[in-house]
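Working notes, structure below.
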Amino acid sequence: MVIVNPTPRKTRRYKSTLTAVIVVSAVICIAWLIALSLIRKSIDKDGSKTTTLRGQIQSVLVEQPKGTMNKQSAKYMLQSKLPYIVYGTAWKKDATASLVSKAVESGFRFIDTACQPKHYNEAGVGEGWKDAAAKLGLTRSDFFLQTKFTSLDGQDPNKIPYDELEMLEEQVEQSLAKSLENLQSDYIDSLVMHSPMRSYEETLRVWRVFESFVEENKVRQLGLANCYDQKTFLRLYEDSHIKPKVLQNRFYSQSGFDSELRDLCDAYGVTYQSFWTLSANREAIKSHEWKAMALNKNLTPQTLMYAYMMSLGHTPLSGTTDVTHMKEDVDIMMRFQNGEEVLSKDDVETLSSLLGVQE
């Protein structure tokens with residue numbers, strides 16, 4: 001058999017064709033890489049985020065519908081009747097404005113504060129939401145601002161935001177005026193009594209002033225905080241002309257996790273807001289069973305706790321100062337807002353058992 005070597009012309013043609021194939025392949029690869037980069041930028045622009053799970057090594061890409069994060073409004077969330085998370089601003093001092101702005105940019109629209117300089121920088125909250133609103137093109141109606149009247153017992157004697165020598169009713173009036181000024185708003189979405197007063201008579205006096213604010217359109221709804229006595233809550237509910245719409249309490253074992261009070265809230269259409277939700281339940285959150293379920297649900301142990309509260313129909317407060325954690329918290333909120341059933345009934349029962357909650 002005779003093997004004939006290619007002619008020089010055929011060799012050149014072969015090499016030329018091979019070179020062309022290589023060039024075309026390189027161009028296709030470069031174009032593919034550019035397209036992938038543009039797609040990733042588009043995803044980020046639409047509001048999807050790559051977030052690192054708390055306590056996890058890997059990152060997860062959580063995709064949300066276009067415009068969900070920056071265009072979502074508190075008004076829409078309330079109308080949807082779906083669960084949400086409130087950003088808490090206690091103990092943030094001079095960092096309050098910056099942290100509130102970052103929280104809003106991360107997707108929070110519900111913000112809790114108090115006219116209590118001892119623990120809150122209410123003016124910083126006003127600066128923060130206004131700054132973020134300007135950046136994102138949001139308006140006042142996109143936010144839900146909740147603040148509190150704090151009695152003299154809860155104030156720093158050197159930083160009382162109203163005249164301590166005035167009658168109680170006037171103190172409440174002055175406190176609201178200061179809150180409106182601090183929050184740079186002409187109305188408050190939710191005004192909460194920071195705790196019951198020393199006597200029920202005083203509690204009712206404060207509530208009557210609260211009711212006048214609603215009648216004057218300065219306040220949209222009323223609430224009570226740090227009330228762990230079922231009788232006090234029921235008595236105020238029955239005696240009030242304008243009923244409380246919020247009960248904000250610590251969610252912890254010392255109070256039996258407010259089981260009876262939460263049942264009352266469900267029965268009367270009162271929103272149960274939980275604070276100290278993570279700090280008071282660290283042991284359960286650190287358990288192997290809890291972490292395993294969090295991993296299975298593509299959550300962190302902390303956001304699983306928030307998912308648990310929202311699955312019960314409650315509203316947790318998140319006071320994180322970490323932007324990554326803010327985004328994680330908003331991600332789980334948006335999964336609920338988008339209609340996902342994050343936890344089954346069995347999941348909720350398992351978590352209740354780990355916490356020691358009697359449901």
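Each chain in the structure tokens gets a letter, A, B, ..., in the order shown, and its residues are numbered from 1; ligands are numbered from 1 in order too.
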List as a tab-separated table every residue of segment 93-124 of chain A that is in contact with segment 302-320 of chain A, defined as an atom at most 12 Å from one of its atoms (using only C-alpha atoms), together with the nearest atom pair and the distance in Å rounded to one decimal, sorted by chain and then rising number.
```
residue	atom	partner	partner_atom	distance
A:Thr96	CA	A:Gly319	CA	10.8
A:Leu99	CA	A:Thr320	CA	8.9
A:Val100	CA	A:Gly319	CA	9.9
A:Lys102	CA	A:Thr320	CA	10.8
A:Ala103	CA	A:Thr320	CA	9.0
A:Ser106	CA	A:Thr320	CA	11.8
A:Phe108	CA	A:Ser318	CA	9.9
A:Phe110	CA	A:Leu317	CA	9.3
A:Ile111	CA	A:Leu317	CA	8.9
A:Asp112	CA	A:Leu317	CA	8.2
A:Thr113	CA	A:Gly319	CA	10.8
```
Residues flagged strand (DSSP E or B) by DSSP in segment 117-285 of chain A, as number ranges by chain: A: 144-149, 188-193, 219-225, 246-250, 271-275
Residues near Ser73 of chain A, cut-off 8 Å, only C-alpha atoms, skip fewer than 6 positions along chain, as an mmCIF file with N, CA, C and O atoms, in the first residue's frame:
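Result saved to selection-v7.cif:
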```cif
data_model
loop_
_atom_site.group_PDB
_atom_site.id
_atom_site.type_symbol
_atom_site.label_atom_id
_atom_site.label_comp_id
_atom_site.auth_asym_id
_atom_site.auth_seq_id
_atom_site.Cartn_x
_atom_site.Cartn_y
_atom_site.Cartn_z
ATOM 1 N N ARG A 109 -39.200 47.637 54.823
ATOM 2 C CA ARG A 109 -40.115 48.766 54.653
ATOM 3 C C ARG A 109 -40.844 49.097 55.960
ATOM 4 O O ARG A 109 -41.448 50.150 56.075
ATOM 5 N N SER A 141 -45.455 56.874 51.691
ATOM 6 C CA SER A 141 -46.477 55.825 51.730
ATOM 7 C C SER A 141 -45.910 54.427 51.503
ATOM 8 O O SER A 141 -46.605 53.434 51.725
ATOM 9 N N ASP A 142 -44.667 54.343 51.080
ATOM 10 C CA ASP A 142 -44.028 53.038 50.897
ATOM 11 C C ASP A 142 -43.526 52.464 52.219
ATOM 12 O O ASP A 142 -43.098 51.310 52.275
ATOM 13 N N PHE A 143 -43.563 53.280 53.283
ATOM 14 C CA PHE A 143 -43.021 52.874 54.577
ATOM 15 C C PHE A 143 -44.106 52.731 55.637
ATOM 16 O O PHE A 143 -45.164 53.346 55.557
#
```
Backbone DSSP call of alpha helix (DSSP H) for segment 235-317 of chain A, listed as a PyMOL selection string: chain A and resi 235-239+259-268+282-285+288-296+301-311
Just-selected residues, N, CA, C and O atoms written as a compact mmCIF listing (two decimals), in the first residue's frame:
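This is the output file out31.txt:
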```txt
# COMPACT_ATOMS: atom_id res chain seq x y z
N ARG A 235 -58.55 43.91 79.61
CA ARG A 235 -59.25 45.05 80.19
C ARG A 235 -59.10 46.29 79.31
O ARG A 235 -60.07 47.02 79.05
N LEU A 236 -57.87 46.51 78.83
CA LEU A 236 -57.65 47.66 77.96
C LEU A 236 -58.40 47.48 76.65
O LEU A 236 -59.00 48.43 76.13
N TYR A 237 -58.41 46.28 76.13
CA TYR A 237 -59.12 46.02 74.88
C TYR A 237 -60.61 46.33 75.04
O TYR A 237 -61.23 46.94 74.16
N GLU A 238 -61.17 45.90 76.14
CA GLU A 238 -62.61 46.10 76.37
C GLU A 238 -62.95 47.56 76.65
O GLU A 238 -64.01 48.05 76.24
N ASP A 239 -62.06 48.29 77.34
CA ASP A 239 -62.35 49.68 77.70
C ASP A 239 -62.01 50.68 76.60
O ASP A 239 -62.45 51.84 76.65
N SER A 259 -48.27 32.21 75.09
CA SER A 259 -49.22 31.33 74.39
C SER A 259 -50.66 31.83 74.46
O SER A 259 -51.37 31.91 73.45
N GLU A 260 -51.12 32.20 75.67
CA GLU A 260 -52.50 32.66 75.82
C GLU A 260 -52.70 34.02 75.18
O GLU A 260 -53.74 34.28 74.54
N LEU A 261 -51.73 34.90 75.35
CA LEU A 261 -51.85 36.23 74.75
C LEU A 261 -51.84 36.14 73.22
O LEU A 261 -52.59 36.86 72.54
N ARG A 262 -51.03 35.25 72.68
CA ARG A 262 -51.00 35.10 71.22
C ARG A 262 -52.32 34.55 70.70
O ARG A 262 -52.78 34.93 69.62
N ASP A 263 -52.94 33.68 71.49
CA ASP A 263 -54.27 33.18 71.11
C ASP A 263 -55.28 34.33 71.10
O ASP A 263 -56.15 34.40 70.21
N LEU A 264 -55.19 35.21 72.10
CA LEU A 264 -56.08 36.37 72.14
C LEU A 264 -55.86 37.28 70.94
O LEU A 264 -56.81 37.78 70.34
N CYS A 265 -54.59 37.49 70.60
CA CYS A 265 -54.28 38.33 69.44
C CYS A 265 -54.91 37.75 68.18
O CYS A 265 -55.51 38.47 67.37
N ASP A 266 -54.78 36.44 68.01
CA ASP A 266 -55.39 35.79 66.84
C ASP A 266 -56.90 35.97 66.83
O ASP A 266 -57.52 36.23 65.80
N ALA A 267 -57.51 35.84 68.01
CA ALA A 267 -58.97 35.93 68.12
C ALA A 267 -59.47 37.34 67.84
O ALA A 267 -60.55 37.51 67.24
N TYR A 268 -58.71 38.36 68.25
CA TYR A 268 -59.15 39.75 68.12
C TYR A 268 -58.53 40.49 66.93
O TYR A 268 -58.76 41.69 66.75
N ARG A 282 -31.41 31.12 71.88
CA ARG A 282 -30.14 30.70 71.27
C ARG A 282 -29.89 29.20 71.36
O ARG A 282 -29.34 28.60 70.43
N GLU A 283 -30.25 28.60 72.48
CA GLU A 283 -29.97 27.17 72.66
C GLU A 283 -30.68 26.33 71.60
O GLU A 283 -30.10 25.42 71.01
N ALA A 284 -31.96 26.63 71.38
CA ALA A 284 -32.71 25.88 70.37
C ALA A 284 -32.14 26.12 68.98
O ALA A 284 -31.99 25.18 68.18
N ILE A 285 -31.81 27.37 68.69
CA ILE A 285 -31.29 27.73 67.37
C ILE A 285 -29.94 27.08 67.10
O ILE A 285 -29.59 26.81 65.95
N HIS A 288 -28.53 20.77 66.77
CA HIS A 288 -28.26 20.06 65.51
C HIS A 288 -29.52 19.95 64.66
O HIS A 288 -29.49 20.15 63.44
N GLU A 289 -30.65 19.62 65.30
CA GLU A 289 -31.91 19.46 64.56
C GLU A 289 -32.33 20.76 63.88
O GLU A 289 -32.81 20.74 62.74
N TRP A 290 -32.16 21.87 64.59
CA TRP A 290 -32.54 23.17 64.04
C TRP A 290 -31.67 23.50 62.83
O TRP A 290 -32.17 23.91 61.77
N LYS A 291 -30.37 23.32 62.98
CA LYS A 291 -29.44 23.64 61.89
C LYS A 291 -29.68 22.76 60.67
O LYS A 291 -29.57 23.22 59.53
N ALA A 292 -30.02 21.50 60.91
CA ALA A 292 -30.28 20.59 59.81
C ALA A 292 -31.50 21.03 59.00
O ALA A 292 -31.49 21.01 57.77
N MET A 293 -32.57 21.44 59.71
CA MET A 293 -33.76 21.91 58.99
C MET A 293 -33.46 23.20 58.24
O MET A 293 -33.91 23.40 57.10
N ALA A 294 -32.68 24.09 58.84
CA ALA A 294 -32.32 25.35 58.18
C ALA A 294 -31.60 25.07 56.86
O ALA A 294 -31.91 25.66 55.82
N LEU A 295 -30.65 24.13 56.90
CA LEU A 295 -29.90 23.79 55.69
C LEU A 295 -30.81 23.20 54.64
O LEU A 295 -30.73 23.53 53.45
N ASN A 296 -31.73 22.35 55.07
CA ASN A 296 -32.67 21.73 54.15
C ASN A 296 -33.60 22.74 53.49
O ASN A 296 -34.03 22.56 52.35
N PRO A 301 -29.92 29.33 60.44
CA PRO A 301 -30.67 29.03 61.66
C PRO A 301 -31.50 30.23 62.14
O PRO A 301 -32.61 30.07 62.64
N GLN A 302 -30.95 31.44 61.94
CA GLN A 302 -31.65 32.65 62.38
C GLN A 302 -32.88 32.94 61.52
O GLN A 302 -33.96 33.26 62.04
N THR A 303 -32.73 32.84 60.19
CA THR A 303 -33.88 33.12 59.34
C THR A 303 -34.93 32.01 59.45
O THR A 303 -36.11 32.24 59.18
N LEU A 304 -34.50 30.82 59.85
CA LEU A 304 -35.48 29.76 60.12
C LEU A 304 -36.36 30.16 61.30
O LEU A 304 -37.57 29.88 61.32
N MET A 305 -35.77 30.83 62.30
CA MET A 305 -36.56 31.31 63.44
C MET A 305 -37.60 32.33 62.98
O MET A 305 -38.76 32.31 63.41
N TYR A 306 -37.19 33.23 62.09
CA TYR A 306 -38.14 34.22 61.57
C TYR A 306 -39.22 33.53 60.73
O TYR A 306 -40.40 33.92 60.79
N ALA A 307 -38.82 32.51 59.98
CA ALA A 307 -39.80 31.77 59.18
C ALA A 307 -40.81 31.08 60.09
O ALA A 307 -42.01 31.02 59.79
N TYR A 308 -40.33 30.57 61.21
CA TYR A 308 -41.22 29.94 62.20
C TYR A 308 -42.25 30.94 62.72
O TYR A 308 -43.45 30.64 62.76
N MET A 309 -41.78 32.12 63.12
CA MET A 309 -42.70 33.14 63.65
C MET A 309 -43.72 33.55 62.60
O MET A 309 -44.92 33.68 62.89
N MET A 310 -43.27 33.75 61.37
CA MET A 310 -44.20 34.16 60.31
C MET A 310 -45.17 33.04 59.95
O MET A 310 -46.33 33.30 59.61
N SER A 311 -44.73 31.79 60.07
CA SER A 311 -45.63 30.67 59.81
C SER A 311 -46.74 30.59 60.85
O SER A 311 -47.83 30.09 60.57
```
Interatomic distance, atom CA of Lys118 of chain A to atom CA of Lys159 of chain A (Å, one decimal):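 These atoms are spaced 7.0 Å apart.
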Close residues, Gln254 of chain A itself excluded, 10 Å, only C-alpha atoms, min 4 positions apart in chain, as a list in words: Arg250, Asp258 and Ala280 of chain A
Among listed residues A:Asn338, A:Thr277, A:Asn249, A:Thr300, nearest Gln72 of chain A (using only C-alpha atoms): A:Asn338
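What separates atom CA of Ser98 of chain A from atom CA of Ile188 of chain A is a distance of 21.2 Å.
Residues in contact with Ala95 of chain A at 10 Å, where only C-alpha atoms are counted and same-chain residues fewer than 3 positions away are skipped, are listed as Thr89, Trp91, Lys92, Ser98, Leu99, Val100, Asn121, Gly124, Val125, Gly128 and Thr321 of chain A.
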Please list as a PDB file with all heavy atoms, in the first residue's frame every residue within 10 Å of Thr203 of chain A, counting only C-alpha atoms and excluding residues in the same chain fewer than 5 positions away.
```pdb
ATOM      1  N   MET A 193     -47.789  52.081  73.090  1.00  0.00           N
ATOM      2  CA  MET A 193     -47.437  52.398  74.471  1.00  0.00           C
ATOM      3  C   MET A 193     -46.317  51.445  74.874  1.00  0.00           C
ATOM      4  O   MET A 193     -46.481  50.226  74.814  1.00  0.00           O
ATOM      5  CB  MET A 193     -48.656  52.215  75.386  1.00  0.00           C
ATOM      6  CG  MET A 193     -48.457  52.799  76.779  1.00  0.00           C
ATOM      7  SD  MET A 193     -49.864  52.476  77.911  1.00  0.00           S
ATOM      8  CE  MET A 193     -51.244  53.122  76.978  1.00  0.00           C
ATOM      9  N   SER A 195     -45.016  50.389  77.466  1.00  0.00           N
ATOM     10  CA  SER A 195     -45.406  49.410  78.485  1.00  0.00           C
ATOM     11  C   SER A 195     -46.611  49.966  79.227  1.00  0.00           C
ATOM     12  O   SER A 195     -46.858  51.179  79.196  1.00  0.00           O
ATOM     13  CB  SER A 195     -44.258  49.145  79.479  1.00  0.00           C
ATOM     14  OG  SER A 195     -44.001  50.305  80.245  1.00  0.00           O
ATOM     15  N   PRO A 196     -47.390  49.129  79.884  1.00  0.00           N
ATOM     16  CA  PRO A 196     -48.474  49.661  80.708  1.00  0.00           C
ATOM     17  C   PRO A 196     -47.903  50.601  81.767  1.00  0.00           C
ATOM     18  O   PRO A 196     -46.769  50.429  82.223  1.00  0.00           O
ATOM     19  CB  PRO A 196     -49.075  48.402  81.345  1.00  0.00           C
ATOM     20  CG  PRO A 196     -48.713  47.287  80.412  1.00  0.00           C
ATOM     21  CD  PRO A 196     -47.362  47.653  79.891  1.00  0.00           C
ATOM     22  N   MET A 197     -48.697  51.579  82.176  1.00  0.00           N
ATOM     23  CA  MET A 197     -48.252  52.519  83.203  1.00  0.00           C
ATOM     24  C   MET A 197     -48.302  51.844  84.578  1.00  0.00           C
ATOM     25  O   MET A 197     -48.728  50.704  84.711  1.00  0.00           O
ATOM     26  CB  MET A 197     -49.144  53.761  83.169  1.00  0.00           C
ATOM     27  CG  MET A 197     -49.193  54.465  81.807  1.00  0.00           C
ATOM     28  SD  MET A 197     -47.608  55.175  81.312  1.00  0.00           S
ATOM     29  CE  MET A 197     -47.543  56.607  82.404  1.00  0.00           C
ATOM     30  N   ARG A 198     -47.880  52.577  85.599  1.00  0.00           N
ATOM     31  CA  ARG A 198     -47.856  52.000  86.953  1.00  0.00           C
ATOM     32  C   ARG A 198     -49.242  51.568  87.417  1.00  0.00           C
ATOM     33  O   ARG A 198     -49.388  50.575  88.124  1.00  0.00           O
ATOM     34  CB  ARG A 198     -47.280  53.024  87.936  1.00  0.00           C
ATOM     35  CG  ARG A 198     -45.793  53.267  87.769  1.00  0.00           C
ATOM     36  CD  ARG A 198     -45.283  54.165  88.876  1.00  0.00           C
ATOM     37  NE  ARG A 198     -43.853  54.424  88.776  1.00  0.00           N
ATOM     38  CZ  ARG A 198     -43.164  55.115  89.672  1.00  0.00           C
ATOM     39  NH1 ARG A 198     -43.768  55.614  90.745  1.00  0.00           N
ATOM     40  NH2 ARG A 198     -41.859  55.307  89.502  1.00  0.00           N
ATOM     41  N   ARG A 208     -56.473  57.167  76.048  1.00  0.00           N
ATOM     42  CA  ARG A 208     -57.465  58.132  75.568  1.00  0.00           C
ATOM     43  C   ARG A 208     -56.803  59.210  74.709  1.00  0.00           C
ATOM     44  O   ARG A 208     -57.370  59.652  73.692  1.00  0.00           O
ATOM     45  CB  ARG A 208     -58.180  58.777  76.759  1.00  0.00           C
ATOM     46  CG  ARG A 208     -59.096  57.820  77.527  1.00  0.00           C
ATOM     47  CD  ARG A 208     -60.310  57.421  76.696  1.00  0.00           C
ATOM     48  NE  ARG A 208     -61.207  56.558  77.470  1.00  0.00           N
ATOM     49  CZ  ARG A 208     -61.502  55.302  77.137  1.00  0.00           C
ATOM     50  NH1 ARG A 208     -60.972  54.763  76.048  1.00  0.00           N
ATOM     51  NH2 ARG A 208     -62.319  54.595  77.886  1.00  0.00           N
ATOM     52  N   THR A 232     -54.694  42.450  82.004  1.00  0.00           N
ATOM     53  CA  THR A 232     -54.457  43.857  81.654  1.00  0.00           C
ATOM     54  C   THR A 232     -54.760  44.106  80.184  1.00  0.00           C
ATOM     55  O   THR A 232     -55.410  45.091  79.822  1.00  0.00           O
ATOM     56  CB  THR A 232     -52.998  44.249  81.957  1.00  0.00           C
ATOM     57  OG1 THR A 232     -52.751  44.092  83.359  1.00  0.00           O
ATOM     58  CG2 THR A 232     -52.724  45.694  81.557  1.00  0.00           C
ATOM     59  N   LEU A 236     -57.867  46.509  78.828  1.00  0.00           N
ATOM     60  CA  LEU A 236     -57.646  47.657  77.959  1.00  0.00           C
ATOM     61  C   LEU A 236     -58.402  47.477  76.648  1.00  0.00           C
ATOM     62  O   LEU A 236     -58.997  48.432  76.127  1.00  0.00           O
ATOM     63  CB  LEU A 236     -56.152  47.837  77.680  1.00  0.00           C
ATOM     64  CG  LEU A 236     -55.794  49.011  76.748  1.00  0.00           C
ATOM     65  CD1 LEU A 236     -56.207  50.339  77.379  1.00  0.00           C
ATOM     66  CD2 LEU A 236     -54.299  49.013  76.432  1.00  0.00           C
TER      67      LEU A 236
END
```
Selected residue of minimal separation from Tyr187 of chain A among A:Cys227, A:Leu145, A:Leu168, A:Ile242, counting only C-alpha atoms: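 Result for the nearest residue to Tyr187 of chain A: A:Leu145.
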Quick one: everything within 12 Å of Glu164 of chain A, counting only C-alpha atoms, minus sequence neighbours fewer than 2 positions away in the same chain. Send it as a PDB file with N, CA and C atoms, in the first residue's frame.
```pdb
ATOM      1  N   THR A 150     -42.947  56.505  75.700  1.00  0.00           N
ATOM      2  CA  THR A 150     -42.297  55.883  76.848  1.00  0.00           C
ATOM      3  C   THR A 150     -42.515  56.758  78.081  1.00  0.00           C
ATOM      4  N   SER A 151     -43.007  56.165  79.146  1.00  0.00           N
ATOM      5  CA  SER A 151     -43.271  56.928  80.377  1.00  0.00           C
ATOM      6  C   SER A 151     -41.965  57.379  81.026  1.00  0.00           C
ATOM      7  N   LEU A 152     -42.079  58.208  82.037  1.00  0.00           N
ATOM      8  CA  LEU A 152     -40.905  58.699  82.755  1.00  0.00           C
ATOM      9  C   LEU A 152     -40.082  57.549  83.342  1.00  0.00           C
ATOM     10  N   ASP A 153     -40.755  56.466  83.730  1.00  0.00           N
ATOM     11  CA  ASP A 153     -40.045  55.326  84.305  1.00  0.00           C
ATOM     12  C   ASP A 153     -39.016  54.722  83.345  1.00  0.00           C
ATOM     13  N   GLN A 155     -37.392  56.489  80.889  1.00  0.00           N
ATOM     14  CA  GLN A 155     -36.556  57.530  80.275  1.00  0.00           C
ATOM     15  C   GLN A 155     -35.265  57.761  81.060  1.00  0.00           C
ATOM     16  N   ASP A 156     -34.253  58.220  80.348  1.00  0.00           N
ATOM     17  CA  ASP A 156     -33.035  58.719  80.982  1.00  0.00           C
ATOM     18  C   ASP A 156     -33.372  60.087  81.566  1.00  0.00           C
ATOM     19  N   PRO A 157     -33.199  60.289  82.871  1.00  0.00           N
ATOM     20  CA  PRO A 157     -33.558  61.575  83.500  1.00  0.00           C
ATOM     21  C   PRO A 157     -32.902  62.786  82.849  1.00  0.00           C
ATOM     22  N   ASN A 158     -31.785  62.570  82.184  1.00  0.00           N
ATOM     23  CA  ASN A 158     -31.069  63.674  81.540  1.00  0.00           C
ATOM     24  C   ASN A 158     -31.457  63.879  80.077  1.00  0.00           C
ATOM     25  N   LYS A 159     -32.337  62.987  79.549  1.00  0.00           N
ATOM     26  CA  LYS A 159     -32.697  63.086  78.131  1.00  0.00           C
ATOM     27  C   LYS A 159     -34.190  62.850  77.925  1.00  0.00           C
ATOM     28  N   ILE A 160     -35.008  63.421  78.759  1.00  0.00           N
ATOM     29  CA  ILE A 160     -36.455  63.237  78.632  1.00  0.00           C
ATOM     30  C   ILE A 160     -36.973  64.079  77.460  1.00  0.00           C
ATOM     31  N   PRO A 161     -37.682  63.469  76.513  1.00  0.00           N
ATOM     32  CA  PRO A 161     -38.107  64.188  75.303  1.00  0.00           C
ATOM     33  C   PRO A 161     -39.373  65.026  75.464  1.00  0.00           C
ATOM     34  N   TYR A 162     -39.838  65.191  76.691  1.00  0.00           N
ATOM     35  CA  TYR A 162     -41.011  66.026  76.961  1.00  0.00           C
ATOM     36  C   TYR A 162     -40.855  66.616  78.363  1.00  0.00           C
ATOM     37  N   GLU A 166     -45.185  68.431  83.362  1.00  0.00           N
ATOM     38  CA  GLU A 166     -46.525  68.586  82.799  1.00  0.00           C
ATOM     39  C   GLU A 166     -47.428  67.410  83.178  1.00  0.00           C
ATOM     40  N   MET A 167     -48.727  67.610  82.991  1.00  0.00           N
ATOM     41  CA  MET A 167     -49.691  66.524  83.208  1.00  0.00           C
ATOM     42  C   MET A 167     -49.380  65.377  82.241  1.00  0.00           C
ATOM     43  N   LEU A 168     -49.784  64.185  82.598  1.00  0.00           N
ATOM     44  CA  LEU A 168     -49.512  63.000  81.789  1.00  0.00           C
ATOM     45  C   LEU A 168     -50.002  63.172  80.354  1.00  0.00           C
ATOM     46  N   GLU A 169     -51.206  63.701  80.200  1.00  0.00           N
ATOM     47  CA  GLU A 169     -51.770  63.879  78.863  1.00  0.00           C
ATOM     48  C   GLU A 169     -50.890  64.792  78.001  1.00  0.00           C
ATOM     49  N   GLU A 170     -50.364  65.849  78.601  1.00  0.00           N
ATOM     50  CA  GLU A 170     -49.506  66.776  77.872  1.00  0.00           C
ATOM     51  C   GLU A 170     -48.175  66.120  77.512  1.00  0.00           C
ATOM     52  N   GLN A 171     -47.673  65.273  78.382  1.00  0.00           N
ATOM     53  CA  GLN A 171     -46.445  64.539  78.085  1.00  0.00           C
ATOM     54  C   GLN A 171     -46.615  63.666  76.838  1.00  0.00           C
ATOM     55  N   VAL A 172     -47.772  63.018  76.741  1.00  0.00           N
ATOM     56  CA  VAL A 172     -48.053  62.181  75.580  1.00  0.00           C
ATOM     57  C   VAL A 172     -48.139  63.034  74.315  1.00  0.00           C
ATOM     58  N   GLN A 174     -46.674  65.953  73.781  1.00  0.00           N
ATOM     59  CA  GLN A 174     -45.339  66.424  73.436  1.00  0.00           C
ATOM     60  C   GLN A 174     -44.478  65.304  72.840  1.00  0.00           C
ATOM     61  N   SER A 175     -44.656  64.115  73.343  1.00  0.00           N
ATOM     62  CA  SER A 175     -43.903  62.979  72.829  1.00  0.00           C
ATOM     63  C   SER A 175     -44.241  62.721  71.367  1.00  0.00           C
TER      64      SER A 175
END
```
